[in-house]
Amino acid sequence: MTMDCLQFRRAAGADPQNLDAAARTHAAACPRCAAHLGELRSLDARILAALEVPVPGETIAPGGAATPIVGLDRRRWLALAASIVAGVLVGTLLWIAGPQNSLARDLVEHLGHEPEALVVTQRPADAAVLDEVLERGGIRLRPEIGTVSYANTCVFRGRRVPHLVVQTDRGPVTVMVLRHERPAGTQSFDEQGIAGRIVPAGPGSIAVLGSGEVDLGQVTTRVLAAVEWL
């Protein structure tokens with residue numbers, strides 16, 4: 001069974017450490033997808049390293065083994081540690097310490113990694129895949145969003161974010177939900193022939209990008225009304 005880039009990125013986003021034979025074969029033949037896999041695995045490694053901290057609910061026995069304290073939910077603590085430690089440490093390692101490009105430029109460059117997503121179609125994304133992407137991103141979509149033809153969880157500026165493509169009457173539009181990017185106000189841009197808007201929303205922002213023929217104002221209003229933050 002052969003695998004295309006879109007299928008590979010979905011598989012890698014779900015579990016980059018345990019790929020099946022088809023995914024491994026695709027990564028070996030596609031440098032772009034291999035680089036994407038490397039980013040995902042690097043992010044996972046940094047998260048695991050960040051979580052190697054003493055966990056409340058454990059005591060160290062004389063022999064060196066950890067003994068859980070009854071009554072404390074260790075799994076909930078690990079989840080909290082993951083969100084706090086990984087958010088601060090990984091974001092610092094992967095983004096703050098790196099070169100500082102503009103948010104608009106980084107968004108446009110990210111689109112170049114997944115050109116296969118920007119196609120005109122009325123075929124919606126797989127419902128199970130979309131639900132998983134939304135759940136990971138901490139959002140829900142109302143019906144007014146329209147047809148979502150592509151959904152993936154992508155690494156962007158050291159975070160995993162929802163990357164969606166919404167169909168409009170003037171072509172596909174990319175929507176990036178950026179929980180950890182909060183601009184002071186709405187930003188409009190035109191980079192490399194791609195027009196876009198970054199709008200503060202919820203705890204962060206939403207970026208909408210499309211061709212010059214798309215009415216970004218109308219589409220942005222529709223997207224903002226459809227996204228529900230959890």
# chains A, B, ... in the order shown; residues from 1 in each chain; ligands from 1

$ residues_around --residues "Gly185 (chain A)" --least-positions-apart "4" --cutoff "10 Å" --atoms "only C-alpha atoms" --output "list in words"
Ile198, Val199, Pro200, Ala201 and Ser205 of chain A

$ residues_around --residues "Arg105 (chain A)" --least-positions-apart "2" --cutoff "10 Å" --atoms "only C-alpha atoms" --output "list of chain:residue names"
A:Asn101, A:Ser102, A:Leu103, A:Leu107, A:Val108, A:Glu109, A:His110, A:Phe189, A:Asp190, A:Glu191, A:Gln192

$ write_last_selection --atoms "all heavy atoms" --output "compact mmCIF listing (two decimals), in the first residue's frame"
# COMPACT_ATOMS: atom_id res chain seq x y z
N ASN A 101 11.43 35.46 12.94
CA ASN A 101 10.74 35.91 11.75
C ASN A 101 9.39 36.46 12.14
O ASN A 101 8.89 36.22 13.24
CB ASN A 101 10.55 34.74 10.78
CG ASN A 101 11.85 34.25 10.19
OD1 ASN A 101 12.79 35.02 10.03
ND2 ASN A 101 11.92 32.97 9.90
N SER A 102 8.79 37.21 11.23
CA SER A 102 7.45 37.71 11.51
C SER A 102 6.47 36.55 11.50
O SER A 102 6.68 35.53 10.81
CB SER A 102 7.05 38.75 10.47
OG SER A 102 6.76 38.13 9.23
N LEU A 103 5.38 36.70 12.24
CA LEU A 103 4.36 35.66 12.29
C LEU A 103 3.78 35.43 10.89
O LEU A 103 3.56 34.28 10.49
CB LEU A 103 3.27 36.07 13.27
CG LEU A 103 2.09 35.11 13.45
CD1 LEU A 103 2.55 33.72 13.83
CD2 LEU A 103 1.12 35.66 14.50
N LEU A 107 3.82 31.88 8.77
CA LEU A 107 2.60 31.24 8.31
C LEU A 107 2.68 30.89 6.83
O LEU A 107 2.33 29.78 6.41
CB LEU A 107 1.40 32.16 8.56
CG LEU A 107 0.94 32.28 10.02
CD1 LEU A 107 0.02 33.48 10.19
CD2 LEU A 107 0.24 31.01 10.48
N VAL A 108 3.15 31.84 6.03
CA VAL A 108 3.26 31.60 4.59
C VAL A 108 4.26 30.48 4.30
O VAL A 108 4.01 29.61 3.46
CB VAL A 108 3.66 32.90 3.87
CG1 VAL A 108 3.97 32.63 2.40
CG2 VAL A 108 2.55 33.94 3.99
N GLU A 109 5.37 30.48 5.01
CA GLU A 109 6.36 29.42 4.81
C GLU A 109 5.79 28.06 5.20
O GLU A 109 6.09 27.04 4.57
CB GLU A 109 7.62 29.72 5.62
CG GLU A 109 8.44 30.89 5.07
CD GLU A 109 9.69 31.16 5.88
OE1 GLU A 109 9.86 30.50 6.94
OE2 GLU A 109 10.48 32.02 5.47
N HIS A 110 4.96 28.05 6.24
CA HIS A 110 4.36 26.77 6.66
C HIS A 110 3.45 26.20 5.57
O HIS A 110 3.40 24.97 5.38
CB HIS A 110 3.57 26.97 7.95
CG HIS A 110 2.96 25.69 8.47
ND1 HIS A 110 3.68 24.75 9.17
CD2 HIS A 110 1.70 25.19 8.35
CE1 HIS A 110 2.91 23.74 9.47
NE2 HIS A 110 1.70 23.97 8.98
N PHE A 189 -1.73 41.13 5.79
CA PHE A 189 -0.44 41.02 5.12
C PHE A 189 -0.59 40.41 3.74
O PHE A 189 -1.62 39.81 3.41
CB PHE A 189 0.54 40.19 5.95
CG PHE A 189 0.09 38.76 6.20
CD1 PHE A 189 0.39 37.75 5.30
CD2 PHE A 189 -0.63 38.44 7.34
CE1 PHE A 189 -0.01 36.44 5.53
CE2 PHE A 189 -1.06 37.14 7.57
CZ PHE A 189 -0.74 36.13 6.66
N ASP A 190 0.42 40.59 2.94
CA ASP A 190 0.50 39.97 1.62
C ASP A 190 1.94 39.53 1.44
O ASP A 190 2.83 40.35 1.26
CB ASP A 190 0.09 40.96 0.53
CG ASP A 190 -0.12 40.26 -0.81
OD1 ASP A 190 0.56 39.25 -1.06
OD2 ASP A 190 -0.96 40.73 -1.61
N GLU A 191 2.17 38.22 1.55
CA GLU A 191 3.52 37.66 1.48
C GLU A 191 3.58 36.62 0.37
O GLU A 191 2.78 35.68 0.36
CB GLU A 191 3.90 36.99 2.81
CG GLU A 191 4.06 37.95 3.97
CD GLU A 191 5.50 38.35 4.18
OE1 GLU A 191 6.37 37.78 3.50
OE2 GLU A 191 5.74 39.23 5.01
N GLN A 192 4.50 36.80 -0.55
CA GLN A 192 4.73 35.82 -1.61
C GLN A 192 3.44 35.49 -2.37
O GLN A 192 3.17 34.34 -2.74
CB GLN A 192 5.34 34.54 -1.03
CG GLN A 192 6.65 34.77 -0.28
CD GLN A 192 7.17 33.51 0.39
OE1 GLN A 192 6.95 32.39 -0.11
NE2 GLN A 192 7.86 33.66 1.50

$ residues_around --residues "Pro16 (chain A)" --least-positions-apart "6" --cutoff "7 Å" --atoms "only C-alpha atoms" --output "list in words"
Leu37, Leu40 and Arg41 of chain A

$ closest_residue --among "A:Ala125, A:Ala117, A:Leu141, A:Val175" --to "Ala207 (chain A)" --atoms "only C-alpha atoms"
A:Val175

$ closest_residue --among "A:Gly38, A:Gly137, A:Pro124, A:Pro203" --to "Glu181 (chain A)" --atoms "only C-alpha atoms"
A:Pro203

$ select_by_dssp --residues "region 95-215 of chain A" --states "strand (DSSP E or B)" --output "VMD selection string"
chain A and resid 139 to 141 148 to 156 159 to 168 171 to 178 187 to 191 194 to 201 204 to 210

$ write_last_selection --atoms "N, CA and C atoms" --output "short mmCIF file (atom, residue, chain, number, x, y, z; two decimals), in the first residue's frame"
data_model
loop_
_atom_site.label_atom_id
_atom_site.label_comp_id
_atom_site.auth_asym_id
_atom_site.auth_seq_id
_atom_site.Cartn_x
_atom_site.Cartn_y
_atom_site.Cartn_z
N ILE A 139 -10.62 23.11 20.54
CA ILE A 139 -11.67 23.93 19.92
C ILE A 139 -12.78 23.03 19.40
N ARG A 140 -13.92 23.67 19.10
CA ARG A 140 -15.01 23.03 18.38
C ARG A 140 -15.39 23.94 17.22
N LEU A 141 -16.02 23.37 16.20
CA LEU A 141 -16.47 24.15 15.06
C LEU A 141 -17.98 24.10 14.95
N VAL A 148 -14.96 21.85 5.58
CA VAL A 148 -13.55 21.73 5.95
C VAL A 148 -13.00 20.54 5.18
N SER A 149 -12.13 20.83 4.21
CA SER A 149 -11.64 19.78 3.32
C SER A 149 -10.31 19.17 3.78
N TYR A 150 -9.68 19.82 4.75
CA TYR A 150 -8.37 19.33 5.23
C TYR A 150 -8.23 19.66 6.70
N ALA A 151 -7.68 18.73 7.46
CA ALA A 151 -7.44 18.95 8.89
C ALA A 151 -6.19 18.19 9.31
N ASN A 152 -5.31 18.89 9.97
CA ASN A 152 -4.08 18.25 10.44
C ASN A 152 -3.58 18.99 11.67
N THR A 153 -2.88 18.29 12.53
CA THR A 153 -2.19 18.91 13.66
C THR A 153 -0.74 19.11 13.25
N CYS A 154 -0.32 20.37 13.21
CA CYS A 154 1.01 20.70 12.70
C CYS A 154 1.88 21.32 13.79
N VAL A 155 3.18 21.13 13.65
CA VAL A 155 4.13 21.82 14.52
C VAL A 155 4.38 23.20 13.92
N PHE A 156 4.07 24.24 14.70
CA PHE A 156 4.26 25.61 14.24
C PHE A 156 4.82 26.43 15.40
N ARG A 159 4.86 24.63 18.70
CA ARG A 159 3.58 24.18 19.26
C ARG A 159 2.86 23.32 18.24
N ARG A 160 1.99 22.47 18.74
CA ARG A 160 1.11 21.71 17.85
C ARG A 160 -0.20 22.47 17.73
N VAL A 161 -0.55 22.83 16.51
CA VAL A 161 -1.72 23.68 16.28
C VAL A 161 -2.62 23.07 15.20
N PRO A 162 -3.93 23.37 15.25
CA PRO A 162 -4.83 22.91 14.19
C PRO A 162 -4.57 23.68 12.89
N HIS A 163 -4.43 22.94 11.81
CA HIS A 163 -4.26 23.49 10.46
C HIS A 163 -5.44 22.98 9.64
N LEU A 164 -6.32 23.90 9.24
CA LEU A 164 -7.53 23.54 8.51
C LEU A 164 -7.55 24.21 7.15
N VAL A 165 -8.26 23.62 6.22
CA VAL A 165 -8.56 24.27 4.95
C VAL A 165 -10.07 24.30 4.79
N VAL A 166 -10.60 25.50 4.57
CA VAL A 166 -12.04 25.71 4.42
C VAL A 166 -12.31 26.11 2.97
N GLN A 167 -13.31 25.51 2.37
CA GLN A 167 -13.67 25.82 1.00
C GLN A 167 -14.59 27.05 0.95
N THR A 168 -14.33 27.94 -0.01
CA THR A 168 -15.19 29.09 -0.25
C THR A 168 -15.56 29.12 -1.72
N GLY A 171 -12.41 29.70 -3.80
CA GLY A 171 -11.24 28.87 -3.62
C GLY A 171 -10.98 28.49 -2.18
N PRO A 172 -10.02 27.61 -1.94
CA PRO A 172 -9.71 27.15 -0.58
C PRO A 172 -9.00 28.22 0.24
N VAL A 173 -9.26 28.22 1.53
CA VAL A 173 -8.65 29.16 2.47
C VAL A 173 -8.05 28.37 3.62
N THR A 174 -6.84 28.73 4.00
CA THR A 174 -6.17 28.08 5.13
C THR A 174 -6.53 28.78 6.43
N VAL A 175 -6.82 27.99 7.45
CA VAL A 175 -7.12 28.52 8.79
C VAL A 175 -6.15 27.87 9.77
N MET A 176 -5.39 28.69 10.47
CA MET A 176 -4.49 28.21 11.51
C MET A 176 -4.97 28.75 12.85
N VAL A 177 -5.20 27.87 13.80
CA VAL A 177 -5.69 28.26 15.12
C VAL A 177 -4.49 28.32 16.05
N LEU A 178 -4.14 29.55 16.48
CA LEU A 178 -2.88 29.79 17.19
C LEU A 178 -3.17 30.21 18.64
N GLN A 187 -3.93 41.97 12.12
CA GLN A 187 -2.82 42.21 11.18
C GLN A 187 -3.22 41.68 9.81
N SER A 188 -3.05 42.52 8.79
CA SER A 188 -3.26 42.10 7.41
C SER A 188 -1.91 42.07 6.71
N PHE A 189 -1.73 41.13 5.79
CA PHE A 189 -0.44 41.02 5.12
C PHE A 189 -0.59 40.41 3.74
N ASP A 190 0.42 40.59 2.94
CA ASP A 190 0.50 39.97 1.62
C ASP A 190 1.94 39.53 1.44
N GLU A 191 2.17 38.22 1.55
CA GLU A 191 3.52 37.66 1.48
C GLU A 191 3.58 36.62 0.37
N ILE A 194 0.42 35.57 -1.24
CA ILE A 194 -0.63 35.04 -0.37
C ILE A 194 -1.10 36.15 0.57
N ALA A 195 -2.40 36.43 0.54
CA ALA A 195 -2.97 37.43 1.44
C ALA A 195 -3.44 36.76 2.72
N GLY A 196 -3.39 37.48 3.82
CA GLY A 196 -3.78 36.88 5.08
C GLY A 196 -4.19 37.90 6.12
N ARG A 197 -4.87 37.39 7.12
CA ARG A 197 -5.24 38.19 8.29
C ARG A 197 -4.99 37.36 9.55
N ILE A 198 -4.44 38.01 10.55
CA ILE A 198 -4.25 37.40 11.87
C ILE A 198 -5.10 38.21 12.83
N VAL A 199 -6.05 37.54 13.47
CA VAL A 199 -7.04 38.25 14.29
C VAL A 199 -7.00 37.70 15.71
N PRO A 200 -6.89 38.56 16.73
CA PRO A 200 -6.97 38.07 18.11
C PRO A 200 -8.30 37.34 18.32
N ALA A 201 -8.22 36.18 18.96
CA ALA A 201 -9.43 35.39 19.21
C ALA A 201 -9.16 34.45 20.37
N GLY A 204 -5.73 33.31 22.11
CA GLY A 204 -4.65 33.56 21.17
C GLY A 204 -5.11 34.29 19.94
N SER A 205 -5.06 33.61 18.79
CA SER A 205 -5.46 34.25 17.54
C SER A 205 -5.81 33.20 16.51
N ILE A 206 -6.41 33.67 15.43
CA ILE A 206 -6.72 32.83 14.28
C ILE A 206 -6.16 33.50 13.04
N ALA A 207 -5.46 32.73 12.22
CA ALA A 207 -4.90 33.25 10.98
C ALA A 207 -5.68 32.66 9.81
N VAL A 208 -6.04 33.52 8.87
CA VAL A 208 -6.78 33.11 7.67
C VAL A 208 -5.97 33.55 6.47
N LEU A 209 -5.64 32.62 5.57
CA LEU A 209 -4.80 32.91 4.42
C LEU A 209 -5.43 32.36 3.15
N GLY A 210 -5.33 33.15 2.07
CA GLY A 210 -5.88 32.70 0.80
C GLY A 210 -5.32 33.51 -0.35
#

$ atom_distance --atom1 "CA of Glu228 (chain A)" --atom2 "CA of His113 (chain A)"
26.9 Å

$ select_by_dssp --residues "region 175-228 of chain A" --states "alpha helix (DSSP H)" --output "count of residues only"
11

$ atom_distance --atom1 "CA of Gln7 (chain A)" --atom2 "CA of Ala23 (chain A)"
8.4 Å

$ atom_distance --atom1 "CA of Arg46 (chain A)" --atom2 "CA of Arg9 (chain A)"
19.9 Å

$ closest_atom_pairs --of "region 132-152 of chain A" --to "region 211-226 of chain A" --cutoff "9 Å" --atoms "only C-alpha atoms" --output "JSON lines"
{"residue": "A:Arg140", "atom": "CA", "partner": "A:Ala226", "partner_atom": "CA", "distance": 8.1}
{"residue": "A:Leu141", "atom": "CA", "partner": "A:Ala226", "partner_atom": "CA", "distance": 5.3}
{"residue": "A:Arg142", "atom": "CA", "partner": "A:Ala226", "partner_atom": "CA", "distance": 4.6}
{"residue": "A:Pro143", "atom": "CA", "partner": "A:Ala226", "partner_atom": "CA", "distance": 6.9}
{"residue": "A:Glu144", "atom": "CA", "partner": "A:Ala226", "partner_atom": "CA", "distance": 5.8}
{"residue": "A:Ile145", "atom": "CA", "partner": "A:Ala226", "partner_atom": "CA", "distance": 5.2}
{"residue": "A:Gly146", "atom": "CA", "partner": "A:Arg222", "partner_atom": "CA", "distance": 8.8}

$ write_last_selection --atoms "N, CA and C atoms" --output "tab-separated table (two decimals), in the first residue's frame"
chain	number	residue	atom	x	y	z
A	140	ARG	N	-13.92	23.67	19.10
A	140	ARG	CA	-15.01	23.03	18.38
A	140	ARG	C	-15.39	23.94	17.22
A	141	LEU	N	-16.02	23.37	16.20
A	141	LEU	CA	-16.47	24.15	15.06
A	141	LEU	C	-17.98	24.10	14.95
A	142	ARG	N	-18.59	25.26	14.76
A	142	ARG	CA	-20.02	25.33	14.50
A	142	ARG	C	-20.27	25.09	13.01
A	143	PRO	N	-21.49	24.73	12.64
A	143	PRO	CA	-21.77	24.39	11.24
A	143	PRO	C	-21.49	25.51	10.25
A	144	GLU	N	-21.55	26.77	10.70
A	144	GLU	CA	-21.35	27.88	9.76
A	144	GLU	C	-19.94	27.97	9.20
A	145	ILE	N	-19.03	27.12	9.67
A	145	ILE	CA	-17.68	27.12	9.12
A	145	ILE	C	-17.70	26.71	7.65
A	146	GLY	N	-18.70	25.90	7.24
A	146	GLY	CA	-18.75	25.43	5.86
A	146	GLY	C	-17.99	24.12	5.71
